>>> print(open('run-v1.cif').read())   # mmCIF, C-alpha atoms and all ligand atoms
data_coords
loop_
_atom_site.label_atom_id
_atom_site.label_comp_id
_atom_site.auth_asym_id
_atom_site.auth_seq_id
_atom_site.Cartn_x
_atom_site.Cartn_y
_atom_site.Cartn_z
CA MET R 28 0.44 18.84 -0.05
CA GLN R 29 -0.83 17.54 3.22
CA ILE R 30 -3.70 15.32 4.29
CA LYS R 31 -4.79 15.62 7.89
CA ILE R 32 -7.03 12.97 9.42
CA GLU R 33 -8.60 13.79 12.79
CA ASN R 34 -10.60 11.49 15.07
CA LEU R 35 -11.85 9.50 12.10
CA ASN R 36 -14.35 6.69 12.64
CA LYS R 37 -16.17 4.40 10.27
CA VAL R 38 -18.73 2.05 11.71
CA TYR R 39 -20.41 -0.44 9.39
CA ARG R 40 -23.90 -1.77 9.87
CA GLY R 41 -23.87 -4.17 12.77
CA GLY R 42 -21.51 -1.97 14.78
CA LYS R 43 -18.16 -3.02 13.26
CA TYR R 44 -15.52 -0.28 13.61
CA ALA R 45 -13.50 -0.54 10.38
CA VAL R 46 -11.64 2.67 11.28
CA LYS R 47 -11.43 3.72 14.90
CA ASN R 48 -10.41 7.09 16.30
CA LEU R 49 -7.73 7.59 13.67
CA ASN R 50 -5.39 10.58 13.76
CA LEU R 51 -2.80 10.76 11.01
CA GLU R 52 -0.94 13.29 8.88
CA ILE R 53 0.20 12.37 5.41
CA PRO R 54 2.84 14.67 3.88
CA SER R 55 3.99 14.90 0.27
CA GLY R 56 5.95 11.97 -1.10
CA MET R 57 5.36 8.26 -1.09
CA PHE R 58 3.30 7.05 1.87
CA GLY R 59 2.82 3.39 2.73
CA LEU R 60 -0.27 2.20 4.56
CA LEU R 61 0.48 -1.26 5.89
CA GLY R 62 -1.69 -3.69 7.80
CA PRO R 63 -3.07 -7.21 7.71
CA ASN R 64 -6.26 -8.08 5.85
CA GLY R 65 -9.24 -6.54 7.59
CA ALA R 66 -7.18 -3.76 9.20
CA GLY R 67 -9.33 -1.04 7.64
CA LYS R 68 -7.03 0.09 4.83
CA SER R 69 -9.58 -0.12 2.02
CA THR R 70 -12.17 1.63 4.15
CA LEU R 71 -9.76 4.47 4.85
CA MET R 72 -8.79 4.71 1.17
CA ARG R 73 -12.42 4.80 0.11
CA ILE R 74 -13.07 7.62 2.55
CA LEU R 75 -10.04 9.55 1.27
CA VAL R 76 -11.12 9.24 -2.36
CA THR R 77 -14.68 10.40 -1.47
CA LEU R 78 -16.34 7.08 -2.34
CA MET R 79 -17.53 6.67 1.23
CA LYS R 80 -18.42 9.03 4.05
CA PRO R 81 -16.96 8.53 7.51
CA THR R 82 -19.25 8.02 10.48
CA SER R 83 -17.47 10.84 12.29
CA GLY R 84 -14.24 12.79 12.25
CA LYS R 85 -12.56 15.17 9.88
CA VAL R 86 -10.26 14.93 6.87
CA THR R 87 -8.61 18.00 5.38
CA VAL R 88 -6.51 18.26 2.23
CA ASN R 89 -4.38 21.37 2.55
CA ASP R 90 -7.12 23.80 3.63
CA LEU R 91 -10.01 21.94 2.05
CA ASP R 92 -12.46 20.00 4.19
CA LEU R 93 -13.36 16.63 2.66
CA ALA R 94 -16.93 16.89 3.94
CA LYS R 95 -17.50 20.32 2.38
CA ASN R 96 -15.24 20.47 -0.66
CA ARG R 97 -15.77 17.05 -2.18
CA LYS R 98 -15.78 18.32 -5.76
CA GLU R 99 -12.52 20.26 -5.48
CA ILE R 100 -10.83 17.38 -3.74
CA ARG R 101 -12.13 14.91 -6.33
CA SER R 102 -10.48 16.92 -9.10
CA MET R 103 -7.13 16.46 -7.30
CA LEU R 104 -7.46 12.68 -6.98
CA GLY R 105 -6.28 9.66 -8.89
CA TYR R 106 -7.39 6.27 -7.60
CA LEU R 107 -6.39 2.74 -8.53
CA PRO R 108 -8.69 0.38 -6.63
CA GLN R 109 -7.73 -3.15 -5.77
CA ASP R 110 -10.38 -4.67 -8.00
CA PHE R 111 -9.75 -2.41 -10.97
CA SER R 112 -11.51 -3.89 -13.97
CA PHE R 113 -12.07 -2.90 -17.56
CA PHE R 114 -14.99 -2.21 -19.76
CA SER R 115 -14.73 -5.08 -22.15
CA LYS R 116 -14.32 -4.41 -25.85
CA LEU R 117 -12.42 -1.13 -25.42
CA LYS R 118 -8.97 -0.88 -26.91
CA THR R 119 -6.20 0.26 -24.60
CA TYR R 120 -6.10 3.82 -25.92
CA GLU R 121 -9.91 4.03 -26.05
CA PHE R 122 -10.06 3.04 -22.43
CA LEU R 123 -7.58 5.70 -21.40
CA ASP R 124 -9.32 8.29 -23.54
CA TYR R 125 -12.58 7.41 -21.84
CA ALA R 126 -10.96 7.77 -18.42
CA ALA R 127 -9.57 11.16 -19.48
CA ARG R 128 -13.04 12.30 -20.54
CA LEU R 129 -14.47 11.17 -17.20
CA ALA R 130 -11.71 13.15 -15.50
CA GLY R 131 -13.01 16.27 -17.27
CA MET R 132 -10.54 16.66 -20.15
CA LYS R 133 -12.91 18.10 -22.71
CA ASN R 134 -10.57 19.35 -25.44
CA GLY R 135 -10.24 16.44 -27.91
CA ALA R 136 -6.81 17.28 -29.34
CA ALA R 137 -5.25 18.00 -25.94
CA ARG R 138 -6.78 14.82 -24.58
CA ARG R 139 -5.38 12.66 -27.36
CA THR R 140 -1.91 14.11 -26.80
CA ALA R 141 -2.19 13.46 -23.06
CA VAL R 142 -3.38 9.89 -23.68
CA ASP R 143 -0.48 9.15 -26.04
CA GLN R 144 2.03 10.66 -23.61
CA MET R 145 0.66 8.64 -20.73
CA LEU R 146 0.71 5.42 -22.77
CA GLU R 147 4.38 6.11 -23.50
CA GLU R 148 5.09 6.80 -19.86
CA VAL R 149 3.64 3.52 -18.62
CA GLY R 150 5.14 1.55 -21.51
CA LEU R 151 1.85 0.70 -23.24
CA PHE R 152 2.13 2.73 -26.42
CA GLU R 153 2.91 -0.34 -28.50
CA ALA R 154 -0.16 -2.03 -27.04
CA ARG R 155 -2.48 0.91 -27.68
CA ASP R 156 -4.63 -0.96 -30.23
CA ARG R 157 -4.94 -4.14 -28.21
CA ASN R 158 -8.15 -4.87 -26.36
CA ALA R 159 -7.64 -3.72 -22.78
CA ASN R 160 -9.10 -6.90 -21.31
CA LYS R 161 -6.58 -8.99 -23.28
CA LEU R 162 -3.52 -7.33 -21.74
CA SER R 163 -1.27 -9.24 -19.32
CA GLY R 164 -1.70 -8.73 -15.56
CA GLY R 165 1.22 -6.34 -15.36
CA MET R 166 0.03 -4.34 -18.36
CA LYS R 167 -3.47 -4.07 -16.90
CA ARG R 168 -2.02 -2.75 -13.69
CA ARG R 169 -0.03 -0.19 -15.67
CA LEU R 170 -3.14 0.84 -17.57
CA GLY R 171 -4.78 1.18 -14.16
CA ILE R 172 -2.11 3.55 -12.98
CA ALA R 173 -2.33 5.43 -16.31
CA GLN R 174 -6.04 6.11 -15.77
CA ALA R 175 -5.31 7.24 -12.21
CA LEU R 176 -2.64 9.68 -13.43
CA ILE R 177 -4.23 11.02 -16.59
CA ASN R 178 -5.43 14.32 -15.09
CA ASN R 179 -2.20 15.09 -13.18
CA PRO R 180 -3.62 14.37 -9.74
CA LYS R 181 -2.08 15.78 -6.57
CA ILE R 182 -3.12 12.77 -4.54
CA ILE R 183 -2.70 9.28 -5.94
CA VAL R 184 -4.15 6.36 -4.06
CA VAL R 185 -3.15 2.82 -5.03
CA ASP R 186 -4.80 -0.09 -3.23
CA GLU R 187 -2.72 -3.32 -3.05
CA PRO R 188 -0.29 -2.15 -5.75
CA THR R 189 1.39 -5.42 -6.65
CA THR R 190 -1.38 -7.99 -6.30
CA GLY R 191 -1.12 -10.47 -9.15
CA LEU R 192 2.16 -9.13 -10.50
CA ASP R 193 5.25 -11.24 -11.04
CA PRO R 194 8.52 -10.01 -9.44
CA GLU R 195 9.75 -8.22 -12.55
CA GLU R 196 6.45 -6.43 -13.01
CA ARG R 197 6.44 -5.49 -9.34
CA ILE R 198 9.76 -3.72 -9.69
CA ARG R 199 8.68 -1.98 -12.84
CA PHE R 200 5.43 -0.84 -11.24
CA ARG R 201 7.24 0.43 -8.15
CA ASN R 202 9.76 2.32 -10.25
CA LEU R 203 6.97 3.88 -12.23
CA LEU R 204 5.36 5.17 -9.04
CA SER R 205 8.58 6.54 -7.64
CA THR R 206 9.26 8.54 -10.81
CA ILE R 207 5.94 10.33 -10.27
CA SER R 208 6.69 11.04 -6.66
CA THR R 209 7.70 14.69 -6.50
CA HIS R 210 7.54 17.32 -3.82
CA ASP R 211 3.96 18.40 -4.15
CA VAL R 212 2.31 15.05 -4.83
CA ILE R 213 1.10 12.51 -2.30
CA ILE R 214 1.16 8.87 -3.34
CA ILE R 215 -0.52 6.49 -0.93
CA LEU R 216 0.20 2.78 -1.30
CA SER R 217 -2.11 0.60 0.70
CA THR R 218 -0.90 -2.95 1.13
CA HIS R 219 -0.54 -6.00 3.34
CA ILE R 220 2.79 -6.85 1.68
CA VAL R 221 5.78 -5.40 3.50
CA GLY R 222 7.89 -5.58 0.34
CA ASP R 223 5.63 -3.04 -1.36
CA ILE R 224 6.65 -0.47 1.23
CA SER R 225 10.29 -0.99 2.14
CA SER R 226 12.33 0.48 -0.64
CA THR R 227 10.12 3.28 -1.83
CA CYS R 228 8.18 4.96 0.96
CA ASP R 229 9.28 8.11 2.78
CA ASN R 230 6.66 7.66 5.48
CA MET R 231 4.30 4.95 6.56
CA ALA R 232 1.53 4.00 8.92
CA LEU R 233 0.62 0.65 10.38
CA LEU R 234 -3.07 -0.10 10.86
CA ASN R 235 -4.51 -2.92 12.87
CA ASN R 236 -8.15 -3.47 13.79
CA GLY R 237 -8.97 -0.05 12.37
CA GLN R 238 -6.55 1.67 14.70
CA LEU R 239 -3.23 3.35 14.14
CA ALA R 240 -0.41 1.25 15.56
CA PHE R 241 2.55 3.17 14.17
CA ALA R 242 3.24 6.28 12.11
CA GLY R 243 6.69 7.41 11.01
CA SER R 244 9.41 6.48 8.56
CA PRO R 245 10.16 2.84 7.66
CA GLU R 246 13.58 3.38 9.28
CA GLU R 247 11.93 4.32 12.57
CA LEU R 248 9.84 1.16 12.51
CA VAL R 249 12.96 -0.89 11.81
CA LYS R 250 14.73 0.77 14.74
CA GLU R 251 12.04 -0.52 17.08
CA ALA R 252 13.04 -4.09 16.21
CA GLU R 253 16.75 -3.66 16.92
CA GLY R 254 18.04 -6.31 19.32
CA ASN R 255 15.05 -8.53 18.62
CA VAL R 256 16.05 -10.37 15.48
CA TRP R 257 18.21 -13.47 15.61
CA GLN R 258 19.86 -15.87 13.26
CA ILE R 259 20.05 -19.36 14.71
CA GLU R 260 21.82 -22.47 13.54
CA ALA R 261 19.58 -25.34 14.52
CA THR R 262 19.25 -29.05 14.14
CA GLU R 263 16.05 -30.49 12.73
CA ALA R 264 14.74 -31.17 16.26
CA GLU R 265 15.61 -27.67 17.44
CA TYR R 266 13.99 -26.17 14.40
CA LEU R 267 10.67 -27.81 15.28
CA GLU R 268 10.94 -26.46 18.85
CA ILE R 269 11.89 -22.97 17.71
CA ASN R 270 9.04 -22.91 15.26
CA GLU R 271 6.63 -23.47 18.16
CA LYS R 272 8.19 -20.73 20.29
CA TYR R 273 9.03 -17.84 18.01
CA PRO R 274 7.83 -16.26 14.79
CA VAL R 275 10.17 -17.66 12.13
CA ILE R 276 10.90 -15.23 9.30
CA SER R 277 13.06 -17.41 7.08
CA THR R 278 14.78 -20.78 6.95
CA ILE R 279 17.73 -21.86 4.84
CA PRO R 280 18.98 -25.48 4.80
CA ILE R 281 22.60 -25.81 5.92
CA ASP R 282 24.87 -28.76 6.71
CA GLY R 283 23.12 -30.84 9.36
CA GLY R 284 20.19 -28.55 9.93
CA TRP R 285 18.78 -25.11 9.35
CA GLU R 286 19.74 -21.45 9.49
CA ILE R 287 16.70 -19.70 10.86
CA GLN R 288 15.80 -16.05 11.33
CA VAL R 289 13.41 -15.39 14.18
CA VAL R 290 11.93 -12.41 15.95
CA ALA R 291 12.37 -12.75 19.70
CA ASN R 292 13.57 -10.80 22.74
CA ASP R 293 15.86 -13.66 23.64
CA ILE R 294 16.76 -17.11 22.27
CA ASN R 295 17.62 -18.86 25.51
CA GLY R 296 19.67 -21.98 24.95
CA TYR R 297 20.02 -21.85 21.17
CA PHE R 298 23.16 -21.10 19.23
CA GLY R 299 22.71 -17.84 17.34
CA LYS R 300 23.52 -14.17 16.93
CA GLN R 301 21.61 -10.92 16.65
CA ILE R 302 21.23 -9.53 13.14
CA THR R 303 20.26 -6.14 11.75
CA PRO R 304 16.50 -6.02 11.29
CA ASN R 305 14.79 -5.17 8.03
CA LEU R 306 11.25 -3.90 7.58
CA GLU R 307 9.77 -7.37 7.40
CA HIS R 308 11.37 -8.30 10.72
CA ALA R 309 10.17 -5.01 12.17
CA TYR R 310 6.61 -5.61 11.02
CA VAL R 311 6.52 -9.05 12.60
CA HIS R 312 8.14 -7.71 15.78
CA PHE R 313 5.55 -4.99 15.97
CA MET R 314 2.61 -7.28 15.35
CA GLU R 315 3.88 -9.83 17.88
CA ASN R 316 4.83 -7.50 20.71
CA LYS R 317 3.40 -4.04 20.55
CA LEU R 318 0.05 -4.99 19.14
CA ASN R 319 -0.62 -7.71 21.67
CA GLN R 320 -0.05 -5.23 24.46
CA TRP R 321 -1.92 -2.56 22.67
CA THR R 322 -5.03 -4.50 21.62
CA THR R 323 -5.51 -5.78 25.15
CA ALA R 324 -4.87 -2.35 26.71
P1 LIG M 401 -8.44 -4.02 4.63
O1 LIG M 401 -8.55 -3.20 3.40
O2 LIG M 401 -7.32 -3.57 5.53
O3 LIG M 401 -8.40 -5.48 4.35
P2 LIG M 401 -11.23 -3.29 5.07
O4 LIG M 401 -11.31 -1.80 5.14
O5 LIG M 401 -11.63 -3.93 3.79
O6 LIG M 401 -9.75 -3.76 5.50
O7 LIG M 401 -12.13 -3.91 6.23
C1 LIG M 401 -12.03 -3.50 7.58
C2 LIG M 401 -13.07 -4.24 8.41
O8 LIG M 401 -14.37 -3.80 8.06
C3 LIG M 401 -13.06 -5.75 8.21
O9 LIG M 401 -13.34 -6.36 9.44
C4 LIG M 401 -14.16 -5.98 7.21
O10 LIG M 401 -14.72 -7.27 7.38
C5 LIG M 401 -15.15 -4.89 7.60
N1 LIG M 401 -15.94 -4.42 6.44
C6 LIG M 401 -15.44 -3.96 5.27
N2 LIG M 401 -16.44 -3.58 4.44
C7 LIG M 401 -17.59 -3.81 5.11
C8 LIG M 401 -18.98 -3.62 4.80
N3 LIG M 401 -19.37 -3.11 3.63
N4 LIG M 401 -19.88 -3.96 5.75
C9 LIG M 401 -19.50 -4.48 6.94
N5 LIG M 401 -18.22 -4.67 7.31
C10 LIG M 401 -17.27 -4.34 6.40
#
>>> encode(input="run-v1.cif", output="structure tokens")
Amino acid sequence: MQIKIENLNKVYRGGKYAVKNLNLEIPSGMFGLLGPNGAGKSTLMRILVTLMKPTSGKVTVNDLDLAKNRKEIRSMLGYLPQDFSFFSKLKTYEFLDYAARLAGMKNGAARRTAVDQMLEEVGLFEARDRNANKLSGGMKRRLGIAQALINNPKIIVVDEPTTGLDPEERIRFRNLLSTISTHDVIIILSTHIVGDISSTCDNMALLNNGQLAFAGSPEELVKEAEGNVWQIEATEAEYLEINEKYPVISTIPIDGGWEIQVVANDINGYFGKQITPNLEHAYVHFMENKLNQWTTA
């Protein structure tokens, strides 16, 4: 599977470019789309799942053109929007059965088997008779992914995958997605939370102001931050100064002060050492340095 995005633009009424001259290739596997709020992620996702037409540009899925083959592409898609909500009154299995019917599964017996299997897979079989709108946040999210997966889609798009989930549910949800990730399926996770991307994604893109700022593997993004992440031992007074000067990633109280991680080219005058960056450091480094240069270019 491959999605190819060429010179894509989306301009909203009033002239706002939500997506600007975007070129991007998305291969099979787990793909993370990262960017701050307002970066254009939802707009791009809505274009990819055929809910919205771009102003200009081209998207192809394998050899199919999104502008010409909407129906074929739709049949390959599973989408979990950010604001996924339920029809009230439906039981969990009724809801999934309804989604399966919408996805074109006409044979009743086959559909019921598929629904039961999917409920097992996402760990909701025991809750099948509960009203869908009474499920916990994590269970709702899992039912959301179940409806997105019910017709074996080739492209799965999940917007803000862990919003509203507690840490345990986050891990469970992430694991569920990575078990689906096989060679000929594309899973796109769109998020502003770095932690949603780090451990699971093979490839990623960074969007800012509707434009592509980075495309590659998470490891490549991390590499860009090497030599720019520091751990400093600081007194209270120094901490206040440092906080003014550099983006602070974390602080831990230690004897007589603070242990602080910052992203900076240099930490002139403070007592500290360079540390190995992680994706969160790399994201901050990128937003602080590259994007400033790049948005003013
Ligand atoms: P993200 O999903 O990364 O938060 P969005 O795609 O929702 O970003 O939004 C990108 C930009 O487009 C933002 O500046 C947002 O305010 C603007 N925008 C989104 N939807 C509309 C709309 N329907 N009309 C006008 N502007 C919009």
>>> residues_near_ligand(input="run-v1.cif", ligand="ligand LIG 401 (chain M)", cutoff="8 Å", atoms="only C-alpha atoms and all ligand atoms", output="list in words")
Tyr39, Arg40, Gly41, Lys43, Tyr44, Ala45, Val46, Gly62, Pro63, Asn64, Gly65, Ala66, Gly67, Lys68, Ser69, Thr70, Leu71, Ser217, Thr218, His219, Leu234, Asn235, Asn236 and Gly237 of chain R
>>> residues_around(input="run-v1.cif", residues="segment 289-305 of chain R", least_positions_apart="4", cutoff="9 Å", atoms="all atoms listed in the file", output="PyMOL selection string")
chain R and resi 225+246+249-250+252-261+265+269-270+273-277+309-312+315
>>> residues_around(input="run-v1.cif", residues="Gly283 of chain R", least_positions_apart="2", cutoff="8 Å", atoms="all atoms listed in the file", output="list of chain:residue names")
R:Thr262, R:Glu263, R:Ile281, R:Trp285
>>> closest_residue(input="run-v1.cif", among="R:Glu247, R:Asp90, R:Asp156, R:Glu286", to="Glu121 of chain R", atoms="only C-alpha atoms")
R:Asp156
>>> closest_residue(input="run-v1.cif", among="R:Leu146, R:Pro188, R:Arg138, R:Pro180", to="Glu99 of chain R", atoms="all atoms listed in the file")
R:Pro180
>>> residues_around(input="run-v1.cif", residues="Ser115 of chain R", least_positions_apart="4", cutoff="12 Å", atoms="all atoms listed in the file", output="PyMOL selection string")
chain R and resi 119+121-122+157-162
>>> write_last_selection(input="run-v1.cif", atoms="C-alpha atoms", output="CSV table (one decimal), keeping the file's coordinate frame")
chain,number,residue,atom,x,y,z
R,119,THR,CA,-6.2,0.3,-24.6
R,121,GLU,CA,-9.9,4.0,-26.0
R,122,PHE,CA,-10.1,3.0,-22.4
R,157,ARG,CA,-4.9,-4.1,-28.2
R,158,ASN,CA,-8.2,-4.9,-26.4
R,159,ALA,CA,-7.6,-3.7,-22.8
R,160,ASN,CA,-9.1,-6.9,-21.3
R,161,LYS,CA,-6.6,-9.0,-23.3
R,162,LEU,CA,-3.5,-7.3,-21.7
>>> residues_around(input="run-v1.cif", residues="Leu75 of chain R", least_positions_apart="2", cutoff="10 Å", atoms="only C-alpha atoms", output="JSON, numbers by chain")
{"R": [30, 32, 69, 70, 71, 72, 73, 77, 78, 79, 80, 81, 86, 87, 88, 93, 100, 101, 104, 106, 182, 184]}
>>> atom_distance(input="run-v1.cif", atom1="atom CA of Met103 of chain R", atom2="atom CA of Asn179 of chain R")
7.8 Å
>>> closest_residue(input="run-v1.cif", among="R:Ala240, R:Tyr266, R:Gly56, R:Gln288", to="Ser205 of chain R", atoms="all atoms listed in the file")
R:Gly56
>>> residues_around(input="run-v1.cif", residues="Gly105 of chain R", least_positions_apart="6", cutoff="10 Å", atoms="all atoms listed in the file", output="compact mmCIF listing (two decimals) with C-alpha atoms, in the frame of the given file")
# COMPACT_ATOMS: atom_id res chain seq x y z
CA VAL R 76 -11.12 9.24 -2.36
CA ALA R 130 -11.71 13.15 -15.50
CA ILE R 172 -2.11 3.55 -12.98
CA ALA R 173 -2.33 5.43 -16.31
CA GLN R 174 -6.04 6.11 -15.77
CA ALA R 175 -5.31 7.24 -12.21
CA LEU R 176 -2.64 9.68 -13.43
CA ILE R 177 -4.23 11.02 -16.59
CA ASN R 178 -5.43 14.32 -15.09
CA ASN R 179 -2.20 15.09 -13.18
CA PRO R 180 -3.62 14.37 -9.74
CA LYS R 181 -2.08 15.78 -6.57
CA ILE R 182 -3.12 12.77 -4.54
CA ILE R 183 -2.70 9.28 -5.94
CA VAL R 184 -4.15 6.36 -4.06
CA VAL R 185 -3.15 2.82 -5.03
CA ILE R 214 1.16 8.87 -3.34
>>> build_atoms(input="run-v1.cif", residues="segment 109-120 of chain R", atoms="N, CA and C atoms", output="JSON list (two decimals), keeping the file's coordinate frame")
[["chain", "number", "residue", "atom", "x", "y", "z"],
["R", 109, "GLN", "N", -8.26, -1.79, -5.78],
["R", 109, "GLN", "CA", -7.73, -3.15, -5.77],
["R", 109, "GLN", "C", -8.36, -3.99, -6.89],
["R", 110, "ASP", "N", -9.66, -3.83, -7.03],
["R", 110, "ASP", "CA", -10.38, -4.67, -8.00],
["R", 110, "ASP", "C", -10.66, -3.89, -9.29],
["R", 111, "PHE", "N", -9.63, -3.20, -9.75],
["R", 111, "PHE", "CA", -9.75, -2.41, -10.97],
["R", 111, "PHE", "C", -10.07, -3.32, -12.15],
["R", 112, "SER", "N", -11.19, -3.05, -12.82],
["R", 112, "SER", "CA", -11.51, -3.89, -13.97],
["R", 112, "SER", "C", -11.87, -3.02, -15.18],
["R", 113, "PHE", "N", -11.94, -3.64, -16.32],
["R", 113, "PHE", "CA", -12.07, -2.90, -17.56],
["R", 113, "PHE", "C", -13.44, -3.06, -18.18],
["R", 114, "PHE", "N", -13.82, -2.04, -18.92],
["R", 114, "PHE", "CA", -14.99, -2.21, -19.76],
["R", 114, "PHE", "C", -14.53, -3.08, -20.91],
["R", 115, "SER", "N", -15.20, -4.18, -21.09],
["R", 115, "SER", "CA", -14.73, -5.08, -22.15],
["R", 115, "SER", "C", -14.90, -4.38, -23.49],
["R", 116, "LYS", "N", -14.22, -4.87, -24.47],
["R", 116, "LYS", "CA", -14.32, -4.41, -25.85],
["R", 116, "LYS", "C", -13.54, -3.13, -26.14],
["R", 117, "LEU", "N", -13.17, -2.36, -25.12],
["R", 117, "LEU", "CA", -12.42, -1.13, -25.42],
["R", 117, "LEU", "C", -10.96, -1.45, -25.68],
["R", 118, "LYS", "N", -10.41, -0.76, -26.68],
["R", 118, "LYS", "CA", -8.97, -0.88, -26.91],
["R", 118, "LYS", "C", -8.25, -0.08, -25.82],
["R", 119, "THR", "N", -6.96, -0.37, -25.67],
["R", 119, "THR", "CA", -6.20, 0.26, -24.60],
["R", 119, "THR", "C", -6.29, 1.79, -24.66],
["R", 120, "TYR", "N", -6.06, 2.35, -25.85],
["R", 120, "TYR", "CA", -6.10, 3.82, -25.92],
["R", 120, "TYR", "C", -7.51, 4.36, -25.76]]
